[in-house]
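K.L.:
Mind having a look at this structure? Questions to follow.
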Amino acid sequence: MIHCLPIPTPFAVGRVNCYLIEDDPLTLVDTGPNSGKALDALERALAEHGRRIEDLQRIVITHQHLDHLGLVGILADRSRAEICALDLLAPVLEEFGAHAERDDELAEALMLRHGIPRDVVTALRSVSRSFRGWGGSAHVDRPLRDGETLEFADRRLQVQHRPGHSPSDTLFWDERRAQLIGGDHLIKHISSNPLISRPLGGRSGELGSGRPRALMMYMDSLRETRELPAEVVLAGHGEPVTEHAALIDERFRMHERRAAKIAALIAERPRTAYEIAQDLWGNVAVTQAFLTLSEVLGHVDLLIDRGEVREVEVGGVIRYESS
Ligand SMILES: [Zn+2]
C-alpha cells in the first residue's frame, strides 16, 4: 500500500506529494520543504496512518529540488532511517547549500550571457539565496545506481535515472504492480520545467563551451518512460497520471509548438534569449527570468540541433539568428 501525503510548500507549485510505502522497511519517498508548517503537516499525515516520524525506516529522495528534500536532515535525525538517493544526487544531498550556491553561479553567468540586465540578475540571486533555507542536507547511507533494485519485503523498485527536469531525477519502477513513482518527471496539470542546472558527477571541465541541454535530455528521458507499461505514475505534484503515453505525446506536441513559435520570432530578426522570453511571456520573463530563460534555451537547442538556428556572440552576449 502506498499513501500520498500532500505537504504544503511556500512555492507557486503548491503542495508536494510525499509517499508513504507501507512495507518492510517502512519508507517515505521525499520529505517536503524545511519548514515548521511542512513538518507539522507531515506528522499529521503520518498520524492518519498510525505512524510517527520515528517509525520511518527508509527515506528515498527523487531529485535535488528543495520542496522534495528540505526536511531530510530533521527526519534522518529523528528516525535514524536509512537515507537512499541516486549516487549522483548523494553529494548534493550531503551539502545542499554549497551545491545550490554553485548552481546559482551558473544561473548568474547564463543570465548575463543571454542578455538579462545585471540588476534583474542581482535581484534574482538574492531571492534564490533567501529560498535556500527551505532546503536541507543529510548523509546518504545508500547511494543508488541507475538500474539497480531497491528491495522491500513485498515489492521491488527498480531505480531509473531520467534526468531533464533536474539532473538527478530518479524514478522508482514497480514492475509487478505497473506502478511508477515519478517525482517531478511527469506531472499531470503542468509541464515540468527542464531547468538548466550543473551536470552532476561530471569532470570540472564538463560545461566546456556548451551548457547542459536540459530540454533535449528531458525529452530523451520521456521517450524512455513512454515505453514503460505503467498503469499509474505517482507524481511529485497533483494527481496520479494514468495515461502516461498520451500525456507524454501531448508534452512533445507542446514543445514542438513552442519551438516553432521561437523559430518564427528569430526569423523576423535576431534576438537574445531574454528578448524571446519577453516576447513570449512579457513581465514573467523578468520576475521568473531563469525559469523562462531555461525554457527558451531548451527550445533553441532543439532548433540548433536541427540546423534551423545558430548562435552569434556579440560583446559577450549571445543572439540567435536563422541559419
Ligand atoms: Zn522539482
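Identifiers in this document derive from the order of the C-alpha cells: chains are assigned A, B, ..., residues are numbered from 1 separately in each chain, and ligands are numbered from 1 in order of occurrence.
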Give me the residues within 8 Å of Arg310 of chain A as a list in words, counting only C-alpha atoms and dropping any in the same chain fewer than 6 places off.
P.N.:
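Within the cut-off, the hits are Ile304, Tyr320, Glu321, Ser322 and Ser323 of chain A.
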K.L.:
Store the residues picked out above, limited to C-alpha atoms, as a compact mmCIF listing (two decimals), in the first residue's frame.
P.N.:
# COMPACT_ATOMS: atom_id res chain seq x y z
CA ILE A 304 20.14 24.45 -33.29
CA TYR A 320 20.14 33.74 -32.15
CA GLU A 321 19.60 34.05 -35.88
CA SER A 322 18.13 31.84 -38.58
CA SER A 323 20.67 29.77 -40.45
K.L.:
Within 7 Å of ligand 1, counting only C-alpha atoms and all ligand atoms, which protein or nucleic acid residues do you find, written as a list in words?
P.N.:
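So, counting only C-alpha atoms and all ligand atoms, the residues near ligand 1 are His63, His65, His165, Ser166 and Asp184 of chain A.
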K.L.:
Going by DSSP on the backbone, which bits of segment 254-296 of chain A are alpha helix (DSSP H)? Write them as a ChimeraX atom specification, please.
P.N.:
/A:254-268,273-281,284-287,289-296
K.L.:
Skipping near chain neighbours, those fewer than 4 positions away, what residues fall within 7 Å of Gln64 of chain A using only C-alpha atoms, listed as a list in words?
P.N.:
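Within the cut-off, the hits are Leu69, Leu89 and Ser168 of chain A.
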K.L.:
Which residues come within 10 Å of Lys261 of chain A, counting only C-alpha atoms, excluding same-chain residues fewer than 4 positions away, as a list in words?
P.N.:
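The filter keeps His255, Glu256, Arg257, Leu265, Ile266, Ala267, Ile276, Leu280 and His299 of chain A.
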K.L.:
For Asp154 of chain A, list every protein, DNA or RNA residue within 10 Å, evaluated using only C-alpha atoms, and leave out those in the same chain fewer than 5 positions away; present the list as a short mmCIF file (atom, residue, chain, number, x, y, z; two decimals) with N, CA, C and O atoms, in the first residue's frame.
P.N.:
data_model
loop_
_atom_site.label_atom_id
_atom_site.label_comp_id
_atom_site.auth_asym_id
_atom_site.auth_seq_id
_atom_site.Cartn_x
_atom_site.Cartn_y
_atom_site.Cartn_z
N MET A 1 0.85 -1.20 0.00
CA MET A 1 0.00 0.00 0.00
C MET A 1 0.88 1.25 0.00
O MET A 1 1.84 1.32 0.76
N GLU A 22 3.87 1.50 2.76
CA GLU A 22 3.62 0.59 3.89
C GLU A 22 4.19 -0.77 3.53
O GLU A 22 3.53 -1.59 2.91
N ASP A 23 5.42 -0.96 3.87
CA ASP A 23 6.09 -2.22 3.55
C ASP A 23 7.23 -2.34 4.56
O ASP A 23 7.36 -1.50 5.45
N ASP A 24 8.01 -3.33 4.43
CA ASP A 24 9.15 -3.51 5.33
C ASP A 24 10.41 -3.38 4.47
O ASP A 24 10.62 -4.22 3.61
N PRO A 25 11.21 -2.34 4.66
CA PRO A 25 11.10 -1.28 5.67
C PRO A 25 10.03 -0.24 5.35
O PRO A 25 9.74 0.01 4.17
#
K.L.:
Skip segment 29-35 of chain A itself and residues of its chain fewer than 6 positions away, then list as JSON, numbers by chain all residues within 9 Å of it, counting only C-alpha atoms.
P.N.:
{"A": [6, 7, 8, 9, 10, 15, 16, 17, 18, 19, 20, 21, 42, 58, 59, 60, 61, 62, 63, 66, 67, 68, 69, 70, 71, 72, 73, 74, 75, 133, 134, 135, 136, 181, 183, 236]}
K.L.:
DSSP says strand (DSSP E) for which residues of segment 196-309 of chain A? Put them as a ChimeraX atom specification?
P.N.:
/A:232-235,309
K.L.:
Print the selection's residues with N, CA, C and O atoms to a file, as a tab-separated table (two decimals), in the first residue's frame.
P.N.:
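Saved as again.tsv:
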chain	number	residue	atom	x	y	z
A	232	VAL	N	0.04	3.47	-13.67
A	232	VAL	CA	-0.10	4.73	-12.93
A	232	VAL	C	1.28	5.30	-12.64
A	232	VAL	O	2.23	4.56	-12.39
A	233	VAL	N	1.36	6.63	-12.72
A	233	VAL	CA	2.57	7.34	-12.30
A	233	VAL	C	2.18	8.19	-11.09
A	233	VAL	O	1.29	9.04	-11.18
A	234	LEU	N	2.83	7.92	-9.97
A	234	LEU	CA	2.58	8.71	-8.77
A	234	LEU	C	3.51	9.92	-8.84
A	234	LEU	O	4.73	9.79	-8.75
A	235	ALA	N	2.90	11.10	-9.03
A	235	ALA	CA	3.68	12.30	-9.35
A	235	ALA	C	4.02	13.10	-8.10
A	235	ALA	O	3.34	13.00	-7.07
A	309	VAL	N	18.68	27.22	-36.56
A	309	VAL	CA	19.07	28.44	-35.86
A	309	VAL	C	20.55	28.35	-35.51
A	309	VAL	O	21.06	27.26	-35.32
K.L.:
Env of segment 214-222 of chain A: 7 Å cut, atoms = only C-alpha atoms, seq-sep filter 6 positions within chain, self excluded. Answer as a short mmCIF file (atom, residue, chain, number, x, y, z; two decimals) with C-alpha atoms, in the first residue's frame.
P.N.:
data_model
loop_
_atom_site.label_atom_id
_atom_site.label_comp_id
_atom_site.auth_asym_id
_atom_site.auth_seq_id
_atom_site.Cartn_x
_atom_site.Cartn_y
_atom_site.Cartn_z
CA ARG A 162 15.76 10.01 -16.03
CA PRO A 163 17.37 13.47 -15.98
CA GLY A 164 15.85 16.59 -17.50
CA HIS A 165 13.60 18.41 -15.05
CA PRO A 194 13.60 21.46 -17.81
CA LEU A 195 15.66 23.74 -15.59
CA ILE A 196 19.27 24.29 -16.59
CA ILE A 248 3.99 12.47 -22.92
CA GLY A 298 15.78 24.39 -24.22
CA LEU A 302 16.17 21.82 -30.49
#
K.L.:
Between A:Ile190, A:Cys4, A:Ala264, A:Leu157, which one has atoms that come closest to Leu144 of chain A, using only C-alpha atoms?
P.N.:
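Among the listed residues, A:Leu157 lies closest to Leu144 of chain A.
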K.L.:
A:Gln158, A:Gln278, A:Thr287, A:Ser294: which is nearest Val127 of chain A, counting only C-alpha atoms?
P.N.:
A:Thr287
